[in-house]
Each structure stands twice: as structure tokens, then as C-alpha cells.
$ cat upload.txt   # compact mmCIF, C-alpha atoms
# COMPACT_ATOMS: atom_id res chain seq x y z
CA MET A 1 86.88 -50.36 153.39
CA SER A 2 87.90 -54.03 153.49
CA ARG A 3 86.13 -56.37 155.87
CA PRO A 4 89.21 -56.90 158.12
CA LEU A 5 89.67 -53.13 158.39
CA ALA A 6 85.97 -52.73 159.23
CA ALA A 7 86.35 -55.33 161.99
CA LEU A 8 89.43 -53.56 163.38
CA THR A 9 87.56 -50.24 163.26
CA LEU A 10 84.72 -51.71 165.32
CA LEU A 11 87.21 -53.18 167.78
CA PHE A 12 88.79 -49.75 168.19
CA CYS A 13 85.34 -48.28 168.79
CA THR A 14 84.68 -50.84 171.54
CA MET A 15 87.85 -49.70 173.31
CA LEU A 16 86.65 -46.09 173.29
CA TRP A 17 83.18 -47.11 174.50
CA GLY A 18 84.49 -49.46 177.17
CA LEU A 19 86.70 -46.76 178.68
CA ALA A 20 83.79 -44.31 178.36
CA PHE A 21 81.86 -46.31 180.98
CA VAL A 22 84.28 -44.87 183.53
CA ALA A 23 83.57 -41.31 182.37
CA GLN A 24 79.82 -41.96 182.28
CA LYS A 25 79.90 -43.36 185.82
CA SER A 26 82.05 -40.65 187.40
CA ALA A 27 80.09 -37.86 185.66
CA MET A 28 77.05 -38.85 187.73
CA ASP A 29 78.79 -37.36 190.78
CA ALA A 30 78.43 -33.91 189.21
CA MET A 31 75.21 -33.98 187.14
CA GLY A 32 72.13 -35.97 186.21
CA PRO A 33 71.97 -38.59 183.43
CA LEU A 34 69.91 -36.45 181.05
CA THR A 35 72.17 -33.44 181.52
CA PHE A 36 75.23 -35.53 180.75
CA SER A 37 73.65 -37.19 177.71
CA GLY A 38 72.32 -33.92 176.33
CA THR A 39 75.67 -32.17 176.64
CA ARG A 40 77.80 -35.00 175.24
CA PHE A 41 75.59 -35.72 172.24
CA ILE A 42 75.09 -32.09 171.22
CA ILE A 43 78.85 -31.46 171.36
CA GLY A 44 79.58 -34.76 169.61
CA GLY A 45 77.09 -33.95 166.84
CA LEU A 46 78.51 -30.48 166.28
CA LEU A 47 82.06 -31.84 166.11
CA ILE A 48 81.31 -34.04 163.10
CA ALA A 49 78.68 -31.82 161.45
CA PRO A 50 81.23 -30.40 158.94
CA LEU A 51 82.14 -33.95 157.89
CA ALA A 52 78.46 -34.76 157.40
CA LEU A 53 77.95 -31.73 155.17
CA ARG A 54 80.99 -32.75 153.12
CA GLU A 55 79.63 -36.28 152.83
CA LEU A 56 76.22 -34.96 151.74
CA ARG A 57 77.77 -32.79 149.01
CA ARG A 58 79.79 -35.72 147.67
CA THR A 59 76.89 -38.21 147.61
CA ALA A 60 74.20 -37.87 144.97
CA SER A 61 71.65 -40.17 146.62
CA ARG A 62 69.22 -38.94 149.25
CA PRO A 63 67.20 -40.95 151.80
CA THR A 64 63.69 -41.96 150.73
CA ALA A 65 60.57 -41.20 152.79
CA ARG A 66 60.65 -44.76 154.14
CA GLN A 67 64.29 -44.42 155.11
CA TRP A 68 63.58 -41.16 156.94
CA GLN A 69 60.96 -43.03 158.97
CA LEU A 70 63.58 -45.61 159.89
CA VAL A 71 66.02 -42.82 160.78
CA ALA A 72 63.42 -41.40 163.19
CA LEU A 73 62.95 -44.87 164.69
CA MET A 74 66.72 -45.27 165.02
CA CYS A 75 66.96 -41.95 166.86
CA ALA A 76 64.19 -43.01 169.27
CA VAL A 77 65.91 -46.35 169.86
CA PHE A 78 69.25 -44.62 170.45
CA PHE A 79 67.65 -42.23 172.95
CA ALA A 80 66.07 -45.12 174.86
CA GLY A 81 69.29 -47.15 174.90
CA SER A 82 71.58 -44.32 175.97
CA THR A 83 69.17 -42.98 178.62
CA LEU A 84 68.52 -46.39 180.20
CA GLN A 85 72.25 -47.11 180.25
CA GLN A 86 73.06 -43.78 181.88
CA TYR A 87 70.39 -44.17 184.58
CA GLY A 88 71.55 -47.74 185.12
CA LEU A 89 75.11 -46.57 185.72
CA VAL A 90 73.88 -44.48 188.64
CA LEU A 91 72.90 -47.69 190.45
CA THR A 92 75.37 -50.32 189.24
CA THR A 93 79.09 -50.73 188.67
CA VAL A 94 81.04 -50.03 185.49
CA THR A 95 81.90 -53.73 185.18
CA ASN A 96 78.27 -54.83 185.60
CA SER A 97 77.10 -52.26 183.08
CA GLY A 98 79.70 -53.33 180.53
CA PHE A 99 78.72 -56.96 181.02
CA LEU A 100 74.96 -56.47 180.76
CA THR A 101 75.19 -54.05 177.83
CA GLY A 102 77.02 -56.84 176.02
CA LEU A 103 73.83 -58.92 176.02
CA TYR A 104 73.00 -57.32 172.69
CA VAL A 105 75.45 -59.83 171.20
CA PHE A 106 72.60 -62.31 171.60
CA PHE A 107 69.70 -59.93 170.96
CA VAL A 108 70.97 -58.77 167.55
CA PRO A 109 70.77 -62.11 165.66
CA VAL A 110 67.55 -63.12 167.42
CA ILE A 111 65.74 -59.83 166.69
CA GLY A 112 67.15 -59.79 163.16
CA LEU A 113 65.84 -63.29 162.51
CA LEU A 114 62.41 -62.75 164.08
CA ALA A 115 61.68 -59.20 162.92
CA ALA A 116 63.49 -58.91 159.59
CA ARG A 117 64.02 -62.55 158.56
CA ILE A 118 67.78 -61.92 158.46
CA VAL A 119 69.38 -65.37 158.63
CA PRO A 120 72.92 -65.04 160.04
CA HIS A 121 75.86 -67.25 159.15
CA PRO A 122 75.71 -70.52 161.18
CA ILE A 123 78.92 -69.57 163.01
CA ILE A 124 76.95 -66.80 164.77
CA TRP A 125 74.92 -69.33 166.77
CA PHE A 126 78.20 -70.82 167.98
CA CYS A 127 80.07 -67.58 168.64
CA ALA A 128 77.26 -65.63 170.32
CA PRO A 129 77.00 -68.05 173.29
CA ILE A 130 80.81 -68.09 173.57
CA ALA A 131 80.87 -64.28 173.72
CA LEU A 132 78.03 -64.24 176.27
CA LEU A 133 79.82 -66.78 178.43
CA GLY A 134 82.97 -64.70 178.15
CA ILE A 135 81.13 -61.57 179.25
CA TYR A 136 79.57 -63.49 182.15
CA LEU A 137 82.94 -64.82 183.36
CA LEU A 138 84.44 -61.36 182.91
CA ASN A 139 81.98 -60.20 185.56
CA GLY A 140 83.01 -62.95 187.98
CA GLY A 141 80.41 -65.54 187.02
CA ASN A 142 77.63 -64.47 189.37
CA PHE A 143 74.55 -62.27 189.70
CA ASP A 144 74.73 -61.79 193.47
CA SER A 145 74.66 -58.00 193.23
CA PHE A 146 71.86 -57.75 190.66
CA ASN A 147 69.77 -54.61 191.25
CA LEU A 148 67.50 -52.09 189.50
CA GLY A 149 70.45 -50.49 187.75
CA ASP A 150 71.35 -53.85 186.21
CA ALA A 151 67.75 -54.30 185.03
CA LEU A 152 67.85 -50.89 183.33
CA VAL A 153 71.07 -51.82 181.54
CA ILE A 154 69.54 -55.10 180.33
CA ALA A 155 66.65 -53.10 178.87
CA CYS A 156 69.17 -50.76 177.24
CA ALA A 157 70.86 -53.78 175.60
CA VAL A 158 67.62 -54.55 173.72
CA PHE A 159 67.55 -51.03 172.31
CA TRP A 160 71.27 -51.17 171.45
CA ALA A 161 70.56 -54.36 169.50
CA LEU A 162 67.83 -52.57 167.55
CA HIS A 163 70.23 -49.68 166.94
CA VAL A 164 72.90 -52.03 165.54
CA LEU A 165 70.35 -53.55 163.14
CA LEU A 166 68.86 -50.23 162.02
CA LEU A 167 72.24 -48.52 161.67
CA GLY A 168 73.68 -51.37 159.61
CA HIS A 169 70.71 -51.27 157.24
CA LEU A 170 70.50 -47.49 156.89
CA ALA A 171 74.24 -46.84 156.56
CA THR A 172 74.41 -49.36 153.70
CA ALA A 173 71.18 -48.24 152.03
CA THR A 174 71.84 -44.48 152.12
CA GLY A 175 75.63 -44.36 151.91
CA LEU A 176 75.50 -41.49 154.43
CA PRO A 177 76.84 -42.92 157.72
CA ILE A 178 78.24 -39.65 159.05
CA LEU A 179 75.03 -37.73 158.33
CA LEU A 180 73.05 -40.44 160.11
CA SER A 181 75.36 -40.05 163.12
CA VAL A 182 74.92 -36.27 163.25
CA ILE A 183 71.13 -36.51 163.01
CA THR A 184 71.10 -39.10 165.79
CA PHE A 185 73.45 -37.21 168.11
CA LEU A 186 71.80 -33.81 167.75
CA SER A 187 68.21 -35.06 168.00
CA VAL A 188 68.94 -37.23 171.04
CA GLY A 189 71.08 -34.52 172.61
CA ILE A 190 68.42 -31.83 172.20
CA VAL A 191 65.63 -34.06 173.56
CA SER A 192 67.80 -35.06 176.54
CA ALA A 193 68.70 -31.44 177.28
CA VAL A 194 65.07 -30.28 177.07
CA LEU A 195 63.95 -33.04 179.43
CA ALA A 196 66.83 -32.32 181.81
CA VAL A 197 65.62 -28.78 182.51
CA PRO A 198 62.43 -29.70 184.43
CA ILE A 199 63.69 -33.06 185.73
CA GLU A 200 67.26 -32.29 186.84
CA ALA A 201 67.46 -28.46 186.83
CA PRO A 202 71.05 -28.42 185.49
CA ASP A 203 73.39 -25.47 186.04
CA LEU A 204 76.72 -24.43 184.57
CA ALA A 205 78.57 -25.22 187.79
CA SER A 206 77.58 -28.91 187.75
CA ILE A 207 78.35 -29.22 184.05
CA SER A 208 81.77 -27.58 184.47
CA ASN A 209 82.58 -29.97 187.32
CA GLY A 210 82.23 -32.86 184.88
CA TRP A 211 83.87 -31.21 181.88
CA ILE A 212 86.60 -33.88 181.57
CA GLU A 213 84.02 -36.70 181.42
CA ILE A 214 81.90 -34.73 178.96
CA ALA A 215 84.93 -33.94 176.77
CA TYR A 216 86.00 -37.58 176.58
CA SER A 217 82.49 -38.90 175.92
CA ALA A 218 81.67 -36.21 173.35
CA CYS A 219 84.93 -36.43 171.39
CA PHE A 220 85.93 -40.07 171.63
CA SER A 221 82.98 -42.31 172.48
CA THR A 222 80.43 -40.19 170.57
CA ALA A 223 82.02 -38.30 167.65
CA ILE A 224 84.71 -40.87 166.87
CA ALA A 225 83.36 -44.23 168.06
CA PHE A 226 79.70 -44.03 167.03
CA THR A 227 80.63 -42.51 163.69
CA GLY A 228 83.26 -45.20 163.19
CA GLN A 229 80.60 -47.79 163.93
CA ALA A 230 78.27 -46.26 161.33
CA ILE A 231 81.00 -46.37 158.68
CA ALA A 232 82.29 -49.86 159.50
CA GLN A 233 78.86 -51.48 159.71
CA GLN A 234 78.38 -50.92 155.99
CA TYR A 235 80.86 -53.74 155.42
CA LEU A 236 79.82 -56.26 158.07
CA PRO A 237 76.60 -58.19 158.82
CA ALA A 238 74.87 -56.86 161.95
CA ALA A 239 75.20 -60.15 163.86
CA ASN A 240 78.95 -60.33 163.15
CA ALA A 241 79.34 -56.69 164.20
CA ALA A 242 77.54 -57.38 167.49
CA ILE A 243 80.02 -60.12 168.41
CA ILE A 244 82.97 -57.83 167.68
CA LEU A 245 81.31 -55.09 169.72
CA SER A 246 81.07 -57.49 172.69
CA ALA A 247 84.71 -56.56 173.41
CA GLU A 248 83.26 -53.34 174.84
CA SER A 249 82.64 -55.20 178.12
CA LEU A 250 86.31 -56.19 178.28
CA PHE A 251 87.48 -52.59 177.95
CA ALA A 252 84.83 -51.47 180.45
CA ALA A 253 86.22 -53.95 182.99
CA LEU A 254 89.76 -52.83 182.18
CA GLY A 255 88.86 -49.18 182.63
CA GLY A 256 86.98 -49.91 185.85
CA ALA A 257 90.01 -51.76 187.22
CA LEU A 258 92.64 -49.20 186.20
CA ILE A 259 90.76 -46.01 187.06
CA LEU A 260 88.02 -46.86 189.59
CA GLY A 261 89.69 -49.78 191.36
CA GLU A 262 87.01 -52.32 190.36
CA ARG A 263 89.11 -55.49 190.37
CA LEU A 264 88.79 -58.11 187.63
CA PRO A 265 88.32 -61.58 189.20
CA PRO A 266 90.75 -64.36 188.17
CA ILE A 267 88.04 -66.12 186.17
CA GLY A 268 87.54 -62.87 184.28
CA TYR A 269 90.71 -63.49 182.31
CA LEU A 270 89.15 -66.67 180.92
CA GLY A 271 86.11 -64.57 179.99
CA ALA A 272 88.34 -62.12 178.15
CA ALA A 273 89.94 -64.98 176.22
CA LEU A 274 86.53 -66.35 175.22
CA ILE A 275 85.39 -62.96 173.93
CA PHE A 276 88.41 -62.66 171.69
CA LEU A 277 88.01 -66.27 170.58
CA ALA A 278 84.45 -65.47 169.46
CA ILE A 279 85.67 -62.38 167.58
CA VAL A 280 88.42 -64.32 165.81
CA LEU A 281 86.09 -67.17 164.84
CA VAL A 282 83.31 -64.93 163.54
CA GLU A 283 85.74 -63.10 161.25
CA THR A 284 87.84 -66.05 160.05
CA VAL A 285 85.41 -68.96 159.67
CA PRO A 286 82.94 -67.40 157.13
CA PRO A 287 85.60 -66.54 154.48
CA LEU A 288 87.34 -69.90 154.98
CA TRP A 289 83.96 -71.62 154.71
CA ALA A 290 83.15 -69.76 151.50
CA LYS A 291 86.58 -70.50 150.03
CA ARG A 292 86.24 -74.21 150.80
CA ARG A 293 82.76 -74.40 149.26
CA GLY A 294 83.89 -72.44 146.23

$ encode --input "upload.txt" --output "C-alpha cells"
Amino acid sequence: MSRPLAALTLLFCTMLWGLAFVAQKSAMDAMGPLTFSGTRFIIGGLLIAPLALRELRRTASRPTARQWQLVALMCAVFFAGSTLQQYGLVLTTVTNSGFLTGLYVFFVPVIGLLAARIVPHPIIWFCAPIALLGIYLLNGGNFDSFNLGDALVIACAVFWALHVLLLGHLATATGLPILLSVITFLSVGIVSAVLAVPIEAPDLASISNGWIEIAYSACFSTAIAFTGQAIAQQYLPAANAAIILSAESLFAALGGALILGERLPPIGYLGAALIFLAIVLVETVPPLWAKRRG
């Protein structure tokens, strides 16, 4: 996969995730967060399991013991991020959640630099603040309605940043992005479902009432989008990928406006423009820079 195609793939994934915020929010009218997460991830994992088996048969390499440890850590991080986001959505708006989740655009290069000594391209330190400002303006440029749900989503953004870093490393190192996705989905889905039984006491009636939301989240935002992310991140640095993924907040705001009636403020259009400016710069400046120096 070429780098431009990888960037476009990530951008497509952000559209699916952004619109999924609407499904994740409305599903909370029918069931609890753990029930929803467990159902969507188990179904999503089963949908792409045949592709993972095909990938495993066609790839000679196998993960090392150290890589399996990192896979376990990635699964734990994914569980924390998805659960905090889902509980946060119970208490905050789709637009707020999309905005605050996008904070990982800043967390990814900072954590990568501090924890793994990954030095990003200098353009990242210019584009990350632009993307953050864009996300902020997209939300109306204020924190007047900040609540516990928003705090939970901020915490989830830290775990999403860790997931981006771990996924980028493991997908490249193992060459098994689809298998990594299946392991993550099924493990997180099973843990969520087991915890949901004593905490939320789910029943078939509540799950069937949210079957449309579950179907969309399982097929599109889980099976397609997260797997697409795993494949595309093999060809992009994690910090660059995070800036492209910041467009998720734009599609979340768009979905909230079109489906839930959450209106985008006038200044939000400037925020949208800044997000896309950051994406364009982060994908055009590095190759032009390298060509000029070469």
C-alpha cells in the first residue's frame, strides 16, 4: 500500500468512526455500555476471523513472546479506551465526545517521544496544535458544558493514543494486522460481555431494541474501520496517523447534526477547515522536505 492510499484509508476509517458516535450514543437508550461493547466487538471479530485465518496461512512469520506481551497490553488499552468512551457518551453529547476523543492527536507524539523515544517529523509539532485548535473550534470554542462524561472521554483519549502507538508498532513488526484486530475485538468483547452480566443484567429484548446500532458499529466501525486502521498504520508513522484520525471529530459533529440535531456552530466550519489543513500539511510537507534535501 502506498503512503497516499494509507492516508486515504485512515480518512475513510475516521468517517465510519465519526458516524458511529451517533450509533454508540443512541444505543445507550436500549442497553448498557458494556453490553453494547461486548456485542459489537464479538460480532465484529467473528466477521473478519476468516480473513485473519487466511492472513495467518499466507504469512510465515509468527509473533515472538515479547510481541505477544505487547498484544496483551494493546488489548487492555483498547478495552480501557472503548469502555471509557462508551460510559462517557452516556453523559455527554456526540459532538463533545468526538472533540475530546480527538485529543489523542496531541497525546500520540508526546507519549511516543517520552515512552519510546520516537522523534516525530518537525511538521507534527506544527500540525498537532492546528488540529487541536480545529477540534476545539468544531465544538464551538468553549467548555461551558464540561461534565463527568467529558472527563471520561479525555481519559479514553489517552488510551486511544497508546493504542495507536502499539498498533502501529505491532502491525509493522508482525505483518499480521487482521489477526491483531481479531484478537483485540474478541478478547475485549468477551471481557465486556462477562462484566455486563453482573453489572448491567442484559437481556435479549434490550439488545434487539438496539440491533441497528449494533449492526452498524460491528460491521462498519469495528470490522471495517479498525481493521483498515491496522492495515494502513503499517505505512504511516503513528504521529502522522493520529493527525489524519483527528478528522473523526469532524464526522462525529456531522453525524450529530444530521441525525441527532446537534447543530454545528458557525465557528465550527473554521475548525473543520483547520483539521483538513493539518491533514494536508502532515502528508505533503515531509515528502517535499525530503525531496528538497535530497

$ atom_distance --input "upload.txt" --atom1 "atom CA of A:Ala196" --atom2 "atom CA of A:Thr39"
10.2 Å

$ atom_distance --input "upload.txt" --atom1 "atom CA of A:Leu132" --atom2 "atom CA of A:Leu103"
6.8 Å

$ closest_residue --input "upload.txt" --among "A:Ala131, A:Ala205, A:Tyr235, A:Leu113" --to "A:Ile275" --atoms "all atoms listed in the file"
A:Ala131

$ atom_distance --input "upload.txt" --atom1 "atom CA of A:Met74" --atom2 "atom CA of A:Phe220"
21.0 Å

$ closest_residue --input "upload.txt" --among "A:Trp211, A:Phe78, A:Trp289, A:Trp125" --to "A:Thr35" --atoms "only C-alpha atoms"
A:Trp211

$ closest_atom_pairs --input "upload.txt" --of "stretch 142-237 of chain A" --to "stretch 47-61 of chain A" --cutoff "12 Å" --atoms "all atoms listed in the file" --output "JSON lines"
{"residue": "A:Thr172", "atom": "CA", "partner": "A:Ser61", "partner_atom": "CA", "distance": 11.9}
{"residue": "A:Ala173", "atom": "CA", "partner": "A:Ser61", "partner_atom": "CA", "distance": 9.7}
{"residue": "A:Thr174", "atom": "CA", "partner": "A:Ser61", "partner_atom": "CA", "distance": 7.0}
{"residue": "A:Gly175", "atom": "CA", "partner": "A:Thr59", "partner_atom": "CA", "distance": 7.6}
{"residue": "A:Leu176", "atom": "CA", "partner": "A:Glu55", "partner_atom": "CA", "distance": 6.8}
{"residue": "A:Pro177", "atom": "CA", "partner": "A:Ala52", "partner_atom": "CA", "distance": 8.3}
{"residue": "A:Ile178", "atom": "CA", "partner": "A:Ala52", "partner_atom": "CA", "distance": 5.2}
{"residue": "A:Leu179", "atom": "CA", "partner": "A:Ala52", "partner_atom": "CA", "distance": 4.6}
{"residue": "A:Leu180", "atom": "CA", "partner": "A:Ala52", "partner_atom": "CA", "distance": 8.3}
{"residue": "A:Ser181", "atom": "CA", "partner": "A:Ala52", "partner_atom": "CA", "distance": 8.4}
{"residue": "A:Val182", "atom": "CA", "partner": "A:Ala49", "partner_atom": "CA", "distance": 6.1}
{"residue": "A:Ile183", "atom": "CA", "partner": "A:Ala49", "partner_atom": "CA", "distance": 9.0}
{"residue": "A:Thr184", "atom": "CA", "partner": "A:Ala49", "partner_atom": "CA", "distance": 11.4}
{"residue": "A:Phe185", "atom": "CA", "partner": "A:Ile48", "partner_atom": "CA", "distance": 9.8}
{"residue": "A:Leu186", "atom": "CA", "partner": "A:Ala49", "partner_atom": "CA", "distance": 9.5}
{"residue": "A:Ala215", "atom": "CA", "partner": "A:Leu47", "partner_atom": "CA", "distance": 11.2}
{"residue": "A:Ala218", "atom": "CA", "partner": "A:Leu47", "partner_atom": "CA", "distance": 8.5}
{"residue": "A:Cys219", "atom": "CA", "partner": "A:Leu47", "partner_atom": "CA", "distance": 7.6}
{"residue": "A:Phe220", "atom": "CA", "partner": "A:Leu47", "partner_atom": "CA", "distance": 10.6}
{"residue": "A:Thr222", "atom": "CA", "partner": "A:Leu47", "partner_atom": "CA", "distance": 9.6}
{"residue": "A:Ala223", "atom": "CA", "partner": "A:Ile48", "partner_atom": "CA", "distance": 6.3}
{"residue": "A:Ile224", "atom": "CA", "partner": "A:Ile48", "partner_atom": "CA", "distance": 8.5}
{"residue": "A:Ala225", "atom": "CA", "partner": "A:Ile48", "partner_atom": "CA", "distance": 11.5}
{"residue": "A:Phe226", "atom": "CA", "partner": "A:Ile48", "partner_atom": "CA", "distance": 10.9}
{"residue": "A:Thr227", "atom": "CA", "partner": "A:Ile48", "partner_atom": "CA", "distance": 8.5}
{"residue": "A:Gly228", "atom": "CA", "partner": "A:Ile48", "partner_atom": "CA", "distance": 11.3}
{"residue": "A:Ile231", "atom": "CA", "partner": "A:Glu55", "partner_atom": "CA", "distance": 11.7}

$ closest_residue --input "upload.txt" --among "A:Asn209, A:Asn147, A:Gln229, A:Asn240" --to "A:Ser26" --atoms "all atoms listed in the file"
A:Asn209

$ decode --input "upload.txt" --residues "stretch 247-258 of chain A" --atoms "N, CA, C and O atoms" --output "mmCIF file, in the first residue's frame"
data_model
loop_
_atom_site.group_PDB
_atom_site.id
_atom_site.type_symbol
_atom_site.label_atom_id
_atom_site.label_comp_id
_atom_site.auth_asym_id
_atom_site.auth_seq_id
_atom_site.Cartn_x
_atom_site.Cartn_y
_atom_site.Cartn_z
ATOM 1 N N ALA A 247 -9.762 13.759 12.018
ATOM 2 C CA ALA A 247 -10.961 14.055 11.232
ATOM 3 C C ALA A 247 -12.182 13.313 11.771
ATOM 4 O O ALA A 247 -13.319 13.642 11.410
ATOM 5 N N GLU A 248 -11.953 12.346 12.652
ATOM 6 C CA GLU A 248 -13.064 11.624 13.284
ATOM 7 C C GLU A 248 -14.024 12.595 13.961
ATOM 8 O O GLU A 248 -15.241 12.424 13.916
ATOM 9 N N SER A 249 -13.477 13.633 14.618
ATOM 10 C CA SER A 249 -14.323 14.594 15.324
ATOM 11 C C SER A 249 -15.213 15.369 14.355
ATOM 12 O O SER A 249 -16.339 15.727 14.678
ATOM 13 N N LEU A 250 -14.697 15.624 13.151
ATOM 14 C CA LEU A 250 -15.488 16.317 12.141
ATOM 15 C C LEU A 250 -16.684 15.481 11.729
ATOM 16 O O LEU A 250 -17.820 15.980 11.657
ATOM 17 N N PHE A 251 -16.453 14.195 11.473
ATOM 18 C CA PHE A 251 -17.556 13.328 11.063
ATOM 19 C C PHE A 251 -18.518 13.051 12.221
ATOM 20 O O PHE A 251 -19.714 12.846 12.001
ATOM 21 N N ALA A 252 -18.004 13.075 13.453
ATOM 22 C CA ALA A 252 -18.881 12.931 14.621
ATOM 23 C C ALA A 252 -19.827 14.125 14.708
ATOM 24 O O ALA A 252 -21.031 13.979 14.961
ATOM 25 N N ALA A 253 -19.284 15.332 14.507
ATOM 26 C CA ALA A 253 -20.119 16.534 14.528
ATOM 27 C C ALA A 253 -21.133 16.515 13.392
ATOM 28 O O ALA A 253 -22.302 16.896 13.566
ATOM 29 N N LEU A 254 -20.685 16.053 12.216
ATOM 30 C CA LEU A 254 -21.581 15.975 11.060
ATOM 31 C C LEU A 254 -22.718 14.988 11.319
ATOM 32 O O LEU A 254 -23.888 15.277 11.051
ATOM 33 N N GLY A 255 -22.356 13.824 11.866
ATOM 34 C CA GLY A 255 -23.385 12.834 12.180
ATOM 35 C C GLY A 255 -24.339 13.322 13.252
ATOM 36 O O GLY A 255 -25.554 13.106 13.175
ATOM 37 N N GLY A 256 -23.797 13.998 14.284
ATOM 38 C CA GLY A 256 -24.642 14.539 15.343
ATOM 39 C C GLY A 256 -25.610 15.580 14.813
ATOM 40 O O GLY A 256 -26.763 15.666 15.249
ATOM 41 N N ALA A 257 -25.155 16.376 13.841
ATOM 42 C CA ALA A 257 -26.012 17.415 13.266
ATOM 43 C C ALA A 257 -27.103 16.820 12.374
ATOM 44 O O ALA A 257 -28.270 17.209 12.449
ATOM 45 N N LEU A 258 -26.718 15.870 11.519
ATOM 46 C CA LEU A 258 -27.662 15.320 10.546
ATOM 47 C C LEU A 258 -28.687 14.390 11.175
ATOM 48 O O LEU A 258 -29.847 14.362 10.767
#
